[in-house]
Each structure stands twice: as C-alpha cells, then as structure tokens.
$ cat final_36.pdb   # PDB, C-alpha atoms and all ligand atoms
ATOM      1  CA  MET A  16       2.788 -15.570 -49.008
ATOM      2  CA  THR A  17       1.407 -12.097 -48.520
ATOM      3  CA  ALA A  18      -2.072 -13.411 -49.230
ATOM      4  CA  ILE A  19      -1.803 -15.661 -46.168
ATOM      5  CA  LYS A  20      -0.006 -13.198 -43.903
ATOM      6  CA  ALA A  21      -2.202 -10.159 -44.461
ATOM      7  CA  PRO A  22      -5.381 -11.435 -42.840
ATOM      8  CA  ARG A  23      -3.511 -13.124 -40.018
ATOM      9  CA  GLY A  24      -1.577 -10.167 -38.649
ATOM     10  CA  PRO A  25      -4.459  -8.012 -37.432
ATOM     11  CA  ALA A  26      -6.412 -11.040 -36.225
ATOM     12  CA  VAL A  27      -3.536 -12.070 -33.965
ATOM     13  CA  VAL A  28      -3.182  -8.555 -32.607
ATOM     14  CA  ILE A  29      -6.884  -8.306 -31.863
ATOM     15  CA  LEU A  30      -6.900 -11.719 -30.217
ATOM     16  CA  SER A  31      -3.923 -11.036 -27.988
ATOM     17  CA  ARG A  32      -5.374  -7.661 -26.979
ATOM     18  CA  ALA A  33      -8.624  -9.361 -26.061
ATOM     19  CA  ALA A  34      -6.700 -11.952 -24.055
ATOM     20  CA  LEU A  35      -4.728  -9.289 -22.211
ATOM     21  CA  PHE A  36      -7.883  -7.374 -21.447
ATOM     22  CA  LEU A  37      -9.532 -10.535 -20.156
ATOM     23  CA  VAL A  38      -6.587 -11.429 -17.949
ATOM     24  CA  ALA A  39      -6.534  -7.916 -16.504
ATOM     25  CA  ALA A  40     -10.311  -7.845 -16.013
ATOM     26  CA  VAL A  41     -10.374 -11.227 -14.301
ATOM     27  CA  ALA A  42      -7.430 -10.387 -12.042
ATOM     28  CA  ALA A  43      -9.016  -7.065 -11.062
ATOM     29  CA  ALA A  44     -12.411  -8.622 -10.411
ATOM     30  CA  GLN A  45     -10.898 -11.303  -8.221
ATOM     31  CA  THR A  46      -8.612  -9.302  -6.091
ATOM     32  CA  LEU A  47      -9.479  -5.615  -5.734
ATOM     33  CA  PRO A  48     -11.579  -5.146  -2.609
ATOM     34  CA  ASP A  49     -15.051  -3.666  -3.078
ATOM     35  CA  GLY A  50     -15.921  -0.438  -1.371
ATOM     36  CA  PRO A  51     -16.571   3.241  -1.878
ATOM     37  CA  GLY A  52     -14.247   4.736  -4.457
ATOM     38  CA  LYS A  53     -13.377   1.496  -6.221
ATOM     39  CA  ASP A  54     -14.851   2.619  -9.565
ATOM     40  CA  THR A  55     -13.122   5.989  -9.456
ATOM     41  CA  PHE A  56      -9.868   4.305  -8.545
ATOM     42  CA  GLU A  57     -10.143   1.774 -11.377
ATOM     43  CA  ASN A  58     -11.093   4.403 -13.951
ATOM     44  CA  VAL A  59      -8.381   6.906 -13.055
ATOM     45  CA  CYS A  60      -5.553   4.590 -12.017
ATOM     46  CA  GLY A  61      -6.207   2.014 -14.738
ATOM     47  CA  VAL A  62      -5.306   4.371 -17.581
ATOM     48  CA  CYS A  63      -1.574   3.575 -17.765
ATOM     49  CA  HIS A  64      -1.371   0.212 -16.015
ATOM     50  CA  SER A  65      -3.681  -2.315 -14.455
ATOM     51  CA  PRO A  66      -5.055  -0.997 -11.162
ATOM     52  CA  VAL A  67      -4.097  -4.289  -9.496
ATOM     53  CA  THR A  68      -0.560  -2.850  -9.250
ATOM     54  CA  VAL A  69      -1.528  -1.651  -5.781
ATOM     55  CA  ILE A  70      -2.263  -5.148  -4.482
ATOM     56  CA  GLY A  71       0.294  -6.194  -1.915
ATOM     57  CA  GLN A  72       1.258  -2.608  -1.165
ATOM     58  CA  HIS A  73       0.909  -1.256   2.376
ATOM     59  CA  LYS A  74       0.943   2.454   3.020
ATOM     60  CA  THR A  75      -0.336   5.035   5.449
ATOM     61  CA  LYS A  76      -2.851   7.556   4.196
ATOM     62  CA  SER A  77      -0.181  10.223   3.789
ATOM     63  CA  GLU A  78       2.035   7.813   1.881
ATOM     64  CA  TRP A  79      -0.878   6.956  -0.427
ATOM     65  CA  LYS A  80      -1.492  10.645  -0.902
ATOM     66  CA  SER A  81       2.095  11.164  -2.077
ATOM     67  CA  LYS A  82       1.957   8.147  -4.375
ATOM     68  CA  VAL A  83      -1.353   9.217  -5.932
ATOM     69  CA  ASN A  84      -0.099  12.773  -6.456
ATOM     70  CA  GLU A  85       3.092  11.419  -8.002
ATOM     71  CA  MET A  86       1.101   9.185 -10.366
ATOM     72  CA  LEU A  87      -1.327  11.917 -11.369
ATOM     73  CA  GLN A  88       1.228  14.691 -11.946
ATOM     74  CA  GLN A  89       0.367  14.855 -15.628
ATOM     75  CA  GLN A  90      -3.327  14.015 -15.302
ATOM     76  CA  THR A  91      -4.542  17.548 -14.686
ATOM     77  CA  ASP A  92      -8.131  16.688 -15.624
ATOM     78  CA  VAL A  93      -8.805  14.541 -12.540
ATOM     79  CA  ALA A  94     -11.172  16.368 -10.177
ATOM     80  CA  PRO A  95      -9.733  17.036  -6.686
ATOM     81  CA  ALA A  96     -12.756  15.258  -5.151
ATOM     82  CA  ASP A  97     -11.921  12.154  -7.190
ATOM     83  CA  VAL A  98      -8.305  12.315  -6.055
ATOM     84  CA  ASP A  99      -9.514  12.345  -2.430
ATOM     85  CA  THR A 100     -11.871   9.446  -3.131
ATOM     86  CA  ILE A 101      -8.973   7.418  -4.537
ATOM     87  CA  ILE A 102      -6.725   8.217  -1.587
ATOM     88  CA  ASP A 103      -9.484   7.152   0.834
ATOM     89  CA  TYR A 104     -10.097   3.923  -1.056
ATOM     90  CA  LEU A 105      -6.400   3.046  -1.019
ATOM     91  CA  ALA A 106      -5.839   4.065   2.599
ATOM     92  CA  LYS A 107      -8.763   1.949   3.738
ATOM     93  CA  ASN A 108      -8.039  -1.147   1.667
ATOM     94  CA  PHE A 109      -4.238  -1.134   1.520
ATOM     95  CA  PRO A 110      -3.189   0.015   4.976
ATOM     96  CA  PRO A 111       0.266  -0.475   6.477
ATOM     97  CA  GLU A 112       1.015  -3.888   7.860
ATOM     98  CA  LYS A 113       0.672  -4.353  11.583
ATOM     99  CA  ILE A 114       3.727  -5.198  13.562
ATOM    100  CA  ASN A 115       3.981  -7.375  16.650
ATOM    101  CA  ILE A 116       6.200  -5.433  18.958
ATOM    102  CA  ASN A 117       6.966  -8.524  21.066
ATOM    103  CA  LYS A 118       8.091 -10.659  18.144
ATOM    104  CA  ALA A 119       9.454  -8.332  15.481
ATOM    105  CA  ASP A 120      13.163  -7.765  15.048
ATOM    106  CA  ALA A 121      14.693  -4.308  14.934
ATOM    107  CA  GLY A 122      14.820  -4.195  11.129
ATOM    108  CA  ALA A 123      11.090  -4.927  10.791
ATOM    109  CA  MET A 124      10.215  -2.246  13.362
ATOM    110  CA  GLU A 125      12.361   0.266  11.579
ATOM    111  CA  THR A 126      10.508  -0.322   8.293
ATOM    112  CA  ALA A 127       6.982  -0.706   9.639
ATOM    113  CA  LEU A 128       7.078   2.226  12.052
ATOM    114  CA  GLY A 129       9.520   4.484  10.267
ATOM    115  CA  ILE A 130      11.668   4.818  13.388
ATOM    116  CA  SER A 131      15.437   5.044  13.497
ATOM    117  CA  ALA A 132      17.654   1.967  13.712
ATOM    118  CA  LYS A 133      18.794   3.232  17.117
ATOM    119  CA  ASP A 134      15.224   3.435  18.484
ATOM    120  CA  ALA A 135      14.350   0.024  17.062
ATOM    121  CA  ALA A 136      17.436  -1.480  18.688
ATOM    122  CA  ALA A 137      16.537   0.196  21.998
ATOM    123  CA  ILE A 138      13.051  -1.353  21.888
ATOM    124  CA  VAL A 139      14.462  -4.835  21.277
ATOM    125  CA  GLU A 140      17.039  -4.416  24.040
ATOM    126  CA  TYR A 141      14.391  -3.242  26.502
ATOM    127  CA  ARG A 142      12.187  -6.202  25.592
ATOM    128  CA  GLN A 143      15.060  -8.609  26.156
ATOM    129  CA  ALA A 144      15.797  -7.078  29.556
ATOM    130  CA  ASN A 145      12.217  -6.575  30.795
ATOM    131  CA  GLY A 146      10.072  -9.123  29.012
ATOM    132  CA  ASN A 147       7.197  -8.564  26.627
ATOM    133  CA  PHE A 148       5.454  -5.217  26.281
ATOM    134  CA  LYS A 149       1.855  -5.372  27.450
ATOM    135  CA  SER A 150       0.642  -2.049  26.121
ATOM    136  CA  ILE A 151       1.667   1.097  24.367
ATOM    137  CA  ASP A 152       2.437   2.657  27.765
ATOM    138  CA  ASP A 153       5.129   0.041  28.357
ATOM    139  CA  LEU A 154       6.590   0.871  24.989
ATOM    140  CA  LYS A 155       6.792   4.561  25.789
ATOM    141  CA  LYS A 156       9.023   3.710  28.779
ATOM    142  CA  VAL A 157      11.864   2.643  26.504
ATOM    143  CA  PRO A 158      14.595   5.235  27.006
ATOM    144  CA  GLY A 159      15.067   7.444  23.997
ATOM    145  CA  VAL A 160      12.008   6.420  21.955
ATOM    146  CA  ASP A 161       9.824   9.148  20.546
ATOM    147  CA  ALA A 162       6.549   8.737  22.478
ATOM    148  CA  ALA A 163       4.617  10.962  20.058
ATOM    149  CA  LYS A 164       5.745   8.862  17.119
ATOM    150  CA  ILE A 165       4.750   5.658  18.928
ATOM    151  CA  GLU A 166       1.352   7.181  19.757
ATOM    152  CA  ALA A 167       0.822   8.163  16.117
ATOM    153  CA  ASP A 168       1.488   4.586  15.014
ATOM    154  CA  LYS A 169      -0.586   2.929  17.716
ATOM    155  CA  ASP A 170      -3.000   1.306  15.242
ATOM    156  CA  LEU A 171      -0.117  -0.605  13.713
ATOM    157  CA  LEU A 172       1.046  -2.153  16.961
ATOM    158  CA  GLU A 173       0.193  -5.632  18.174
ATOM    159  CA  PHE A 174       1.234  -6.932  21.565
ATOM    160  CA  GLU A 175      -0.132 -10.499  21.573
TER     161      GLU A 175
HETATM  162  C1  LIG B   1       0.095   8.645 -16.508
HETATM  163  C2  LIG B   1       0.197   7.218 -16.336
HETATM  164  C3  LIG B   1      -0.121   6.660 -14.952
HETATM  165  C4  LIG B   1      -1.270   6.817 -14.251
HETATM  166  C5  LIG B   1      -2.526   7.576 -14.605
HETATM  167  C6  LIG B   1      -1.072   6.076 -13.010
HETATM  168  N1  LIG B   1       0.158   5.474 -13.007
HETATM  169 FE1  LIG B   1       0.894   4.268 -11.560
HETATM  170  N2  LIG B   1       2.574   3.939 -12.649
HETATM  171  C7  LIG B   1       2.845   4.548 -13.852
HETATM  172  C8  LIG B   1       4.140   4.076 -14.322
HETATM  173  C9  LIG B   1       4.816   4.510 -15.614
HETATM  174  C10 LIG B   1       4.605   3.164 -13.354
HETATM  175  C11 LIG B   1       5.914   2.373 -13.369
HETATM  176  C12 LIG B   1       7.084   3.245 -13.071
HETATM  177  C13 LIG B   1       7.124   3.727 -11.665
HETATM  178  O1  LIG B   1       7.236   2.905 -10.740
HETATM  179  O2  LIG B   1       7.048   4.954 -11.456
HETATM  180  C14 LIG B   1       3.598   3.103 -12.317
HETATM  181  C15 LIG B   1       3.698   2.321 -11.202
HETATM  182  C16 LIG B   1       2.782   2.298 -10.169
HETATM  183  C17 LIG B   1       2.929   1.542  -8.941
HETATM  184  C18 LIG B   1       4.037   0.557  -8.607
HETATM  185  C19 LIG B   1       5.348   1.200  -8.413
HETATM  186  C20 LIG B   1       5.388   2.165  -7.271
HETATM  187  O3  LIG B   1       5.840   3.301  -7.514
HETATM  188  O4  LIG B   1       4.981   1.822  -6.144
HETATM  189  C21 LIG B   1       1.846   1.838  -8.162
HETATM  190  C22 LIG B   1       1.545   1.309  -6.773
HETATM  191  C23 LIG B   1       1.031   2.768  -8.907
HETATM  192  N3  LIG B   1       1.627   3.017 -10.121
HETATM  193  C24 LIG B   1      -0.152   3.299  -8.443
HETATM  194  C25 LIG B   1      -0.963   4.152  -9.177
HETATM  195  C26 LIG B   1      -2.182   4.744  -8.663
HETATM  196  C27 LIG B   1      -2.740   4.521  -7.257
HETATM  197  C28 LIG B   1      -2.706   5.495  -9.654
HETATM  198  C29 LIG B   1      -3.943   6.346  -9.617
HETATM  199  C30 LIG B   1      -3.930   7.446  -8.677
HETATM  200  C31 LIG B   1      -1.795   5.389 -10.792
HETATM  201  N4  LIG B   1      -0.761   4.588 -10.452
HETATM  202  C32 LIG B   1      -1.994   6.013 -12.003
HETATM  203  C33 LIG B   1       2.035   5.414 -14.555
HETATM  204  C34 LIG B   1       0.777   5.812 -14.175
END

$ encode --input "final_36.pdb" --output "structure tokens" --more "lines below"
Ligand code: HEC
Amino acid sequence: MTAIKAPRGPAVVILSRAALFLVAAVAAAQTLPDGPGKDTFENVCGVCHSPVTVIGQHKTKSEWKSKVNEMLQQQTDVAPADVDTIIDYLAKNFPPEKININKADAGAMETALGISAKDAAAIVEYRQANGNFKSIDDLKKVPGVDAAKIEADKDLLEFE
C-alpha cells in the first residue's frame, strides 16, 4: 500500500499546483488590460491572490489609493513609486462606472455618485417634473444638490 501511495502523493500535489498556476496565468493574460504599470501591479498585487481579483471592480483614484494602501499595509518593502504606479494603473483601467442621469433610479445615483439618498431623490423628482437633463448645468439647478460634488463627478455623468 505505502509503496503505491508514496510516489503518488507529491506527483498529485505538483500537478494540481501546475494546473492552478496555469488557470491563473491564462485568466490574467486574457483579462487584465495592458498598459503602463501592469507588470508592477501583477508582481506586487499577485503575491497573496491572483491579480485578476480587481476585474469587475470600479473605483475612483482616491478609492483605489485607499484599497492599495489597505492591501499593502504589511508589505513595507514596496517602493512608494511602485505604489503610485499601481494606483495609476488601477485608476485608469478600473474606473467608476458611468451613470446615465436621465435613466438611473435614485439608488443607483446614490451609489455611483456617493450622494445622499435625499439628493438622489431630489434629482429624480426634478427630472420627473421638468424632463430630461441636457447638461451638468441643468443638474446643478436641482434644489438642494451639492453643485461642487456634481462638478467633481462630471466625468461619470451621461445625459444621452
Ligand atoms: C499581503 C497579502 C495581500 C497583498 C500583497 C494584496 N492583497 Fe488584496 N487581498 C488580500 C486578502 C487576504 C484579501 C481577501 C480579504 C479581504 O477582502 O480583505 C484580498 C482581497 C482583495 C480584493 C477583493 C476584496 C476587496 O477588498 O475589494 C481586491 C480588489 C484586492 N485584494 C486588491 C489588491 C491589490 C490592488 C493589491 C496590490 C496593491 C493587493 N490586493 C495585494 C491580501 C493581499
């Protein structure tokens, strides 16, 4: 019995490791967007888990900064320049989702723009009363909304 088991154990382990590595490598190659910083990102962020974890995530640059800092708390050997490179790569390739201000419901606006439920409801109410928003200036007319906040999020807004 032991004569059969002994050679099999390690072989199976090696094989399954190779398979896991292959699956991870193929998934990463297929889906991570190319661009400056990709190698740094893969090397640093692939230490504990596959770097493809970030796929499907949408964050602003400052949100990515927080996430990266949180992840690298114990990795004190990562150069600050590399940390910046990673943040830039993520911010560029995994940006927040755009939101269509003429179609979205209040809940979606609240999440996408980080505004209060009250402001989101006010925007929807205004739209129902006055018709579609044509531009960011229309949006700033909604009573009570924070114009500075809207301005800061202007790249996320779609009006079509
Ligand atoms: C020291 C190990 C370690 C390193 C290095 C690391 N992570 Fe993580 N990461 C984790 C662990 C553990 C989890 C799962 C638990 C959790 O969600 O905090 C995780 C989960 C995640 C998640 C999914 C859950 C969430 O919080 O959104 C993302 C995205 C992520 N990591 C991004 C990154 C990025 C980007 C880097 C490189 C800057 C990185 N990680 C480097 C340990 C690490």

$ resolve_selection --input "final_36.pdb" --expression "the PyMOL selection byres (((not hetatm)) within 7 of (chain B and resi 1))" --output "ChimeraX atom specification"
/A:56,59-64,66,68-69,72,82-84,86-87,89-90,101

$ residues_around --input "final_36.pdb" --residues "A:Glu112" --least-positions-apart "5" --cutoff "8 Å" --atoms "only C-alpha atoms" --output "list in words"
His73, Lys74, Ala127 and Leu171 of chain A

$ atom_distance --input "final_36.pdb" --atom1 "atom CA of A:Ile138" --atom2 "atom CA of A:Ile116"
8.5 Å

$ resolve_selection --input "final_36.pdb" --expression "the PyMOL selection byres (((chain A and resi 103) around 9) and not hetatm)" --output "short mmCIF file (atom, residue, chain, number, x, y, z; two decimals) with C-alpha atoms, in the frame of the given file"
data_model
loop_
_atom_site.label_atom_id
_atom_site.label_comp_id
_atom_site.auth_asym_id
_atom_site.auth_seq_id
_atom_site.Cartn_x
_atom_site.Cartn_y
_atom_site.Cartn_z
CA PRO A 51 -16.57 3.24 -1.88
CA GLY A 52 -14.25 4.74 -4.46
CA LYS A 76 -2.85 7.56 4.20
CA TRP A 79 -0.88 6.96 -0.43
CA LYS A 80 -1.49 10.64 -0.90
CA VAL A 98 -8.30 12.32 -6.06
CA ASP A 99 -9.51 12.34 -2.43
CA THR A 100 -11.87 9.45 -3.13
CA ILE A 101 -8.97 7.42 -4.54
CA ILE A 102 -6.72 8.22 -1.59
CA TYR A 104 -10.10 3.92 -1.06
CA LEU A 105 -6.40 3.05 -1.02
CA ALA A 106 -5.84 4.07 2.60
CA LYS A 107 -8.76 1.95 3.74
CA ASN A 108 -8.04 -1.15 1.67
#

$ atom_distance --input "final_36.pdb" --atom1 "atom CA of A:Ser150" --atom2 "atom CA of A:Asp120"
17.7 Å

$ axis_aligned_box --input "final_36.pdb" --around "stretch 145-152 of chain A" --padding-each-side "8 Å" --output "JSON"
{"center_x": 6.4, "center_y": -3.2, "center_z": 27.6, "size_x": 27.6, "size_y": 27.8, "size_z": 22.4}

$ closest_residue --input "final_36.pdb" --among "A:Asn117, A:Arg142, A:Ala163, A:Asn58" --to "A:Val93" --atoms "only C-alpha atoms"
A:Asn58

$ closest_residue --input "final_36.pdb" --among "A:Ala167, A:Gly159, A:Lys118, A:Glu125" --to "A:Ala137" --atoms "all atoms listed in the file"
A:Gly159

$ atom_distance --input "final_36.pdb" --atom1 "atom CA of A:Leu172" --atom2 "atom CA of A:Ile70"
21.9 Å

$ residues_around --input "final_36.pdb" --residues "A:Val157" --least-positions-apart "2" --cutoff "12 Å" --atoms "all atoms listed in the file" --output "VMD selection string"
chain A and resid 133 to 145 148 151 to 155 159 to 162 165

$ residues_around --input "final_36.pdb" --residues "A:Glu173" --least-positions-apart "4" --cutoff "7 Å" --atoms "all atoms listed in the file" --output "list of chain:residue names"
A:Lys113, A:Ile114, A:Asn115, A:Ile116

$ residues_near_point --input "final_36.pdb" --point "(2.7, -9.6, 25.9)" --cutoff "6 Å" --atoms "all atoms listed in the file" --output "ChimeraX atom specification"
/A:147-149,174-175

$ decode --input "final_36.pdb" --residues "stretch 114-135 of chain A" --atoms "N, CA and C atoms" --output "PDB file, in the first residue's frame"
ATOM      1  N   ILE A 114     -22.834  56.832 -15.079  1.00  0.00           N
ATOM      2  CA  ILE A 114     -24.240  56.732 -14.742  1.00  0.00           C
ATOM      3  C   ILE A 114     -25.050  57.678 -15.623  1.00  0.00           C
ATOM      4  N   ASN A 115     -26.131  57.148 -16.185  1.00  0.00           N
ATOM      5  CA  ASN A 115     -27.000  57.973 -17.019  1.00  0.00           C
ATOM      6  C   ASN A 115     -28.029  58.651 -16.126  1.00  0.00           C
ATOM      7  N   ILE A 116     -27.853  59.937 -16.016  1.00  0.00           N
ATOM      8  CA  ILE A 116     -28.629  60.722 -15.066  1.00  0.00           C
ATOM      9  C   ILE A 116     -30.102  60.832 -15.483  1.00  0.00           C
ATOM     10  N   ASN A 117     -30.393  60.537 -16.756  1.00  0.00           N
ATOM     11  CA  ASN A 117     -31.781  60.589 -17.220  1.00  0.00           C
ATOM     12  C   ASN A 117     -32.487  59.234 -17.141  1.00  0.00           C
ATOM     13  N   LYS A 118     -31.725  58.202 -16.826  1.00  0.00           N
ATOM     14  CA  LYS A 118     -32.350  56.870 -16.761  1.00  0.00           C
ATOM     15  C   LYS A 118     -32.204  56.210 -15.393  1.00  0.00           C
ATOM     16  N   ALA A 119     -31.153  56.571 -14.678  1.00  0.00           N
ATOM     17  CA  ALA A 119     -30.861  55.886 -13.418  1.00  0.00           C
ATOM     18  C   ALA A 119     -31.929  56.163 -12.363  1.00  0.00           C
ATOM     19  N   ASP A 120     -32.118  55.190 -11.473  1.00  0.00           N
ATOM     20  CA  ASP A 120     -33.005  55.458 -10.337  1.00  0.00           C
ATOM     21  C   ASP A 120     -32.179  56.037  -9.183  1.00  0.00           C
ATOM     22  N   ALA A 121     -32.891  56.465  -8.157  1.00  0.00           N
ATOM     23  CA  ALA A 121     -32.222  57.175  -7.059  1.00  0.00           C
ATOM     24  C   ALA A 121     -31.144  56.312  -6.393  1.00  0.00           C
ATOM     25  N   GLY A 122     -31.444  55.029  -6.230  1.00  0.00           N
ATOM     26  CA  GLY A 122     -30.488  54.131  -5.567  1.00  0.00           C
ATOM     27  C   GLY A 122     -29.167  54.050  -6.331  1.00  0.00           C
ATOM     28  N   ALA A 123     -29.257  53.940  -7.665  1.00  0.00           N
ATOM     29  CA  ALA A 123     -28.059  53.840  -8.496  1.00  0.00           C
ATOM     30  C   ALA A 123     -27.242  55.136  -8.427  1.00  0.00           C
ATOM     31  N   MET A 124     -27.928  56.268  -8.406  1.00  0.00           N
ATOM     32  CA  MET A 124     -27.217  57.557  -8.314  1.00  0.00           C
ATOM     33  C   MET A 124     -26.488  57.690  -6.987  1.00  0.00           C
ATOM     34  N   GLU A 125     -27.177  57.240  -5.955  1.00  0.00           N
ATOM     35  CA  GLU A 125     -26.596  57.310  -4.621  1.00  0.00           C
ATOM     36  C   GLU A 125     -25.259  56.547  -4.588  1.00  0.00           C
ATOM     37  N   THR A 126     -25.274  55.323  -5.135  1.00  0.00           N
ATOM     38  CA  THR A 126     -24.061  54.501  -5.124  1.00  0.00           C
ATOM     39  C   THR A 126     -22.984  55.063  -6.051  1.00  0.00           C
ATOM     40  N   ALA A 127     -23.375  55.370  -7.285  1.00  0.00           N
ATOM     41  CA  ALA A 127     -22.375  55.756  -8.282  1.00  0.00           C
ATOM     42  C   ALA A 127     -21.748  57.115  -7.962  1.00  0.00           C
ATOM     43  N   LEU A 128     -22.533  58.031  -7.428  1.00  0.00           N
ATOM     44  CA  LEU A 128     -22.020  59.384  -7.215  1.00  0.00           C
ATOM     45  C   LEU A 128     -21.672  59.670  -5.761  1.00  0.00           C
ATOM     46  N   GLY A 129     -22.028  58.749  -4.889  1.00  0.00           N
ATOM     47  CA  GLY A 129     -21.744  58.960  -3.474  1.00  0.00           C
ATOM     48  C   GLY A 129     -22.510  60.142  -2.898  1.00  0.00           C
ATOM     49  N   ILE A 130     -23.719  60.369  -3.413  1.00  0.00           N
ATOM     50  CA  ILE A 130     -24.546  61.458  -2.868  1.00  0.00           C
ATOM     51  C   ILE A 130     -25.564  60.877  -1.889  1.00  0.00           C
ATOM     52  N   SER A 131     -26.205  61.754  -1.150  1.00  0.00           N
ATOM     53  CA  SER A 131     -27.163  61.269  -0.151  1.00  0.00           C
ATOM     54  C   SER A 131     -28.440  60.780  -0.826  1.00  0.00           C
ATOM     55  N   ALA A 132     -29.193  59.961  -0.116  1.00  0.00           N
ATOM     56  CA  ALA A 132     -30.462  59.448  -0.627  1.00  0.00           C
ATOM     57  C   ALA A 132     -31.403  60.617  -0.918  1.00  0.00           C
ATOM     58  N   LYS A 133     -31.320  61.636  -0.090  1.00  0.00           N
ATOM     59  CA  LYS A 133     -32.188  62.817  -0.233  1.00  0.00           C
ATOM     60  C   LYS A 133     -31.869  63.550  -1.544  1.00  0.00           C
ATOM     61  N   ASP A 134     -30.577  63.762  -1.813  1.00  0.00           N
ATOM     62  CA  ASP A 134     -30.172  64.431  -3.059  1.00  0.00           C
ATOM     63  C   ASP A 134     -30.558  63.606  -4.281  1.00  0.00           C
ATOM     64  N   ALA A 135     -30.349  62.291  -4.186  1.00  0.00           N
ATOM     65  CA  ALA A 135     -30.685  61.419  -5.315  1.00  0.00           C
ATOM     66  C   ALA A 135     -32.184  61.490  -5.594  1.00  0.00           C
TER      67      ALA A 135
END
